[in-house]
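What follows is one structure encoded as structure tokens, with my remarks underneath.
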Amino acid sequence: MMKLESHRWEDAMEFPGFWGNEQLKANLSAAVDRRRTAHFYLISGPRGSGKRTLARLLAAALLCRDAHSRPCGRCSQCRKVLNGSHPDLITVDDPDKKTVPVETVRRAREDLFIRPNEADRKIYYVPRAQDLGLPGQNALLKVLEEPPVYGVFLLLADNPDRLLPTVRSRCVELKLQPLPLPVVVEALRKAFPQAGAEDVAAAAQRSGGWLGQAMELLTEGGGWLPQTGDFVQAYSRRDPLRLLQVLVPMEKLKRDQLAPILSQWQELLTMALSCRSGMPAPVPMARELAVNRSCRELSQAVAVLAQSLDHLQGNVSPGAICGNLAWQLQ
């Protein structure tokens, strides 16, 4: 089922407050001021690069009623975009589906020819453009060829190479760039004033310049699953009984439940191995592992978990995998 709904944005900011990508911001600001914006934008970049933030700011700028500073963040149009209630900002997605169904795109295409409710433009926000699939992209092409004057599409893609060349050629591509390390550190200090300097520096360096990924590393709890903290304690303390107590309940999990847990363990062990090699560890659990386990032990554990994930994909039972881990990770 297609979802045509207003998108809720978080942490509203003015357009000049968008971190980094200075040339891109200057070009967009000039286009908005001169009213020479495009009908189709492709915002590309990896996870955590700021695609959603830029899309929000651009949507607000396109609908803003202020004559001097767009988006102003104060007019009724901006406020509705920022709080997710604007009737002319429409999300085109079905998050329950791995691929955006072609029916979703067709419904959006039909809706496009109904004039805007209250703004001068009608904006369609496509958060998973790379997941449109061939039928969906072909359905979208019919709109790209002859759009109504008020129609705007904001396509977001982690991997724009998955889009048809005919789709990409009709879009203005806004390719986001990683931020300089000092910019990431400054942004993190403002967003996480209570975080320690060591954690901020490690998260910034680990992120590769992608602010969203750095923020994930510093988010309270880090998104870690409960089993991950228990594993770190057991493995760091070289406590095989405690490790067994962690793994035995996991034998009853389904494969799609077990895989994220093992992936987190592998991620933390990889961070710890980097820490042992001189890189800063972005989270305390990785530092704990690095202090208590040798490079050789961490490397072996990473390999064991990689093999376990491969076996999980090969339909080996969770019980057999957890039993093997209890022996291999002692």
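If you're wondering about the labels, chains in the structure tokens are A, B, ... by order shown, residues count from 1 in each chain, ligands from 1 in order shown.
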Those in segment 53-244 of chain A with strand (DSSP E or B) from DSSP, as a PyMOL selection string: chain A and resi 89-93+122-126+151-157+172-175
Tell me which protein, DNA and RNA residues are within 9 Å of segment 238-245 of chain A, counting only C-alpha atoms, leaving out same-chain ones fewer than 5 positions away, and put them as a JSON list (two decimals) with N, CA and C atoms, in the first residue's frame.
[["chain", "number", "residue", "atom", "x", "y", "z"],
["A", 230, "ASP", "N", 26.54, -7.55, 27.65],
["A", 230, "ASP", "CA", 26.86, -8.76, 28.42],
["A", 230, "ASP", "C", 28.05, -9.51, 27.81],
["A", 231, "PHE", "N", 28.09, -9.54, 26.47],
["A", 231, "PHE", "CA", 29.22, -10.20, 25.80],
["A", 231, "PHE", "C", 30.54, -9.50, 26.11],
["A", 233, "GLN", "N", 31.38, -7.73, 28.68],
["A", 233, "GLN", "CA", 31.80, -8.01, 30.05],
["A", 233, "GLN", "C", 32.41, -9.41, 30.16],
["A", 292, "ASN", "N", 41.76, -5.43, 27.52],
["A", 292, "ASN", "CA", 41.77, -6.75, 28.13],
["A", 292, "ASN", "C", 42.08, -7.91, 27.18],
["A", 293, "ARG", "N", 42.15, -7.63, 25.90],
["A", 293, "ARG", "CA", 42.43, -8.70, 24.94],
["A", 293, "ARG", "C", 43.55, -8.28, 23.99],
["A", 322, "CYS", "N", 25.77, -20.80, 18.16],
["A", 322, "CYS", "CA", 26.03, -20.31, 19.53],
["A", 322, "CYS", "C", 26.91, -21.29, 20.30],
["A", 323, "GLY", "N", 26.68, -22.60, 20.08],
["A", 323, "GLY", "CA", 27.52, -23.60, 20.73],
["A", 323, "GLY", "C", 28.97, -23.49, 20.31],
["A", 325, "LEU", "N", 30.42, -20.75, 19.15],
["A", 325, "LEU", "CA", 30.97, -19.51, 19.68],
["A", 325, "LEU", "C", 31.37, -19.66, 21.15],
["A", 326, "ALA", "N", 30.60, -20.40, 21.91],
["A", 326, "ALA", "CA", 30.93, -20.60, 23.32],
["A", 326, "ALA", "C", 32.28, -21.28, 23.48],
["A", 327, "TRP", "N", 32.63, -22.12, 22.52],
["A", 327, "TRP", "CA", 33.93, -22.80, 22.56],
["A", 327, "TRP", "C", 35.04, -21.94, 21.97],
["A", 329, "LEU", "N", 35.27, -18.62, 21.55],
["A", 329, "LEU", "CA", 35.52, -17.29, 22.14],
["A", 329, "LEU", "C", 35.94, -17.34, 23.60],
["A", 330, "GLN", "N", 36.31, -18.49, 24.08],
["A", 330, "GLN", "CA", 36.70, -18.58, 25.48],
["A", 330, "GLN", "C", 37.95, -17.72, 25.75]]
Can you work out which one of A:Arg109, A:Arg296, A:Lys122, A:Arg162 has the shortest atom-to-atom distance to Leu141 of chain A, counting only C-alpha atoms? A:Arg109
Might you pull out every residue within 9 Å of segment 28-43 of chain A, with only C-alpha atoms counted and same-chain residues fewer than 2 positions away left off, and present them as a PyMOL selection string? chain A and resi 15-16+23-26+45+51-52+54-55+58+61-62+67-70+129+144+147-158+160+168+170-176
Close residues, Asn117 of chain A itself excluded, 12 Å, only C-alpha atoms, min 5 positions apart in chain, as a CSV table (one decimal) with all heavy atoms, in the first residue's frame:
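Saved as selection.csv:
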chain,number,residue,atom,x,y,z
A,63,LEU,N,9.1,26.2,-0.2
A,63,LEU,CA,7.7,26.6,0.2
A,63,LEU,C,7.7,27.8,1.0
A,63,LEU,O,6.6,28.3,1.3
A,63,LEU,CB,7.1,25.4,0.9
A,63,LEU,CG,7.0,24.1,0.2
A,63,LEU,CD1,6.3,23.0,1.1
A,63,LEU,CD2,6.2,24.2,-1.1
A,77,GLN,N,4.5,28.3,6.3
A,77,GLN,CA,4.9,27.2,5.4
A,77,GLN,C,6.1,26.5,6.0
A,77,GLN,O,6.2,25.3,6.0
A,77,GLN,CB,5.2,27.8,4.1
A,77,GLN,CG,4.1,28.5,3.4
A,77,GLN,CD,2.9,27.5,3.1
A,77,GLN,OE1,3.1,26.5,2.4
A,77,GLN,NE2,1.7,27.8,3.6
A,86,HIS,N,2.9,19.7,6.7
A,86,HIS,CA,2.5,20.4,5.4
A,86,HIS,C,1.9,19.5,4.4
A,86,HIS,O,2.4,18.4,4.1
A,86,HIS,CB,3.8,21.0,4.8
A,86,HIS,CG,3.5,22.2,3.9
A,86,HIS,ND1,2.8,22.0,2.7
A,86,HIS,CD2,3.8,23.5,4.0
A,86,HIS,CE1,2.6,23.2,2.2
A,86,HIS,NE2,3.3,24.1,2.9
A,87,PRO,N,0.7,19.8,4.0
A,87,PRO,CA,-0.1,19.0,3.0
A,87,PRO,C,0.5,18.9,1.7
A,87,PRO,O,0.2,17.9,0.9
A,87,PRO,CB,-1.5,19.6,3.0
A,87,PRO,CG,-1.2,21.1,3.3
A,87,PRO,CD,-0.1,21.1,4.3
A,88,ASP,N,1.5,19.8,1.3
A,88,ASP,CA,2.1,19.7,0.0
A,88,ASP,C,3.5,19.2,0.0
A,88,ASP,O,4.2,19.2,-1.0
A,88,ASP,CB,2.1,21.1,-0.6
A,88,ASP,CG,0.7,21.6,-0.9
A,88,ASP,OD1,-0.1,20.8,-1.4
A,88,ASP,OD2,0.4,22.8,-0.6
A,89,LEU,N,3.9,18.6,1.2
A,89,LEU,CA,5.1,17.8,1.3
A,89,LEU,C,4.7,16.4,1.5
A,89,LEU,O,4.3,16.0,2.6
A,89,LEU,CB,6.0,18.3,2.4
A,89,LEU,CG,7.3,17.5,2.6
A,89,LEU,CD1,8.2,17.5,1.4
A,89,LEU,CD2,8.1,18.1,3.8
A,90,ILE,N,4.9,15.5,0.5
A,90,ILE,CA,4.4,14.2,0.5
A,90,ILE,C,5.5,13.1,0.4
A,90,ILE,O,6.4,13.2,-0.4
A,90,ILE,CB,3.4,14.0,-0.7
A,90,ILE,CG1,2.3,15.0,-0.5
A,90,ILE,CG2,2.9,12.6,-0.8
A,90,ILE,CD1,1.5,15.2,-1.8
A,111,ASP,N,-1.3,11.7,-8.2
A,111,ASP,CA,-1.6,12.7,-7.2
A,111,ASP,C,-0.9,14.0,-7.6
A,111,ASP,O,-1.4,15.1,-7.3
A,111,ASP,CB,-1.0,12.3,-5.8
A,111,ASP,CG,-1.3,13.3,-4.7
A,111,ASP,OD1,-2.4,13.4,-4.2
A,111,ASP,OD2,-0.4,14.1,-4.4
A,112,LEU,N,0.2,13.9,-8.4
A,112,LEU,CA,0.9,15.1,-8.8
A,112,LEU,C,0.1,16.0,-9.7
A,112,LEU,O,0.3,17.3,-9.6
A,112,LEU,CB,2.2,14.6,-9.6
A,112,LEU,CG,3.0,15.7,-10.2
A,112,LEU,CD1,3.6,16.6,-9.1
A,112,LEU,CD2,4.1,15.1,-11.1
A,122,LYS,N,4.3,21.6,-5.0
A,122,LYS,CA,3.9,20.3,-4.4
A,122,LYS,C,5.2,19.5,-4.5
A,122,LYS,O,5.7,19.2,-5.6
A,122,LYS,CB,2.7,19.7,-5.2
A,122,LYS,CG,1.9,18.7,-4.3
A,122,LYS,CD,0.7,18.3,-5.1
A,122,LYS,CE,-0.2,17.4,-4.2
A,122,LYS,NZ,-1.5,17.1,-4.9
A,123,ILE,N,5.7,19.1,-3.3
A,123,ILE,CA,7.0,18.4,-3.2
A,123,ILE,C,6.8,16.9,-2.9
A,123,ILE,O,6.1,16.6,-1.9
A,123,ILE,CB,7.9,19.1,-2.2
A,123,ILE,CG1,8.1,20.6,-2.6
A,123,ILE,CG2,9.2,18.4,-2.1
A,123,ILE,CD1,8.9,21.4,-1.6
A,150,TYR,N,4.4,23.2,-11.0
A,150,TYR,CA,4.5,23.3,-9.6
A,150,TYR,C,5.1,22.0,-8.9
A,150,TYR,O,5.3,22.0,-7.7
A,150,TYR,CB,3.1,23.5,-9.0
A,150,TYR,CG,2.1,22.5,-9.4
A,150,TYR,CD1,2.0,21.2,-8.8
A,150,TYR,CD2,1.1,22.8,-10.4
A,150,TYR,CE1,1.1,20.3,-9.2
A,150,TYR,CE2,0.2,21.9,-10.8
A,150,TYR,CZ,0.2,20.6,-10.2
A,150,TYR,OH,-0.7,19.7,-10.7
Quick one: of A:Ala108, A:Leu140, A:Ile321, A:Ala204, who's nearest to Thr91 of chain A, counting only C-alpha atoms?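 Smallest separation from Thr91 of chain A among the options: A:Ala108.
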Every residue of segment 43-270 of chain A that DSSP places in alpha helix (DSSP H), as a PyMOL selection string: chain A and resi 51-63+76-83+102-112+133-145+165-168+181-191+197-207+211-218+226-236+240-250+255-270
Tell me, as number ranges by chain, which residues lie within 9 Å of Leu225 of chain A, counting only C-alpha atoms; anything in the same chain fewer than 5 positions away does not count. A: 260-261, 264
Hey, what's within 12 Å of Lys98 of chain A if we count only C-alpha atoms and toss same-chain stuff fewer than 6 positions away? As a count of residues only, please? 6
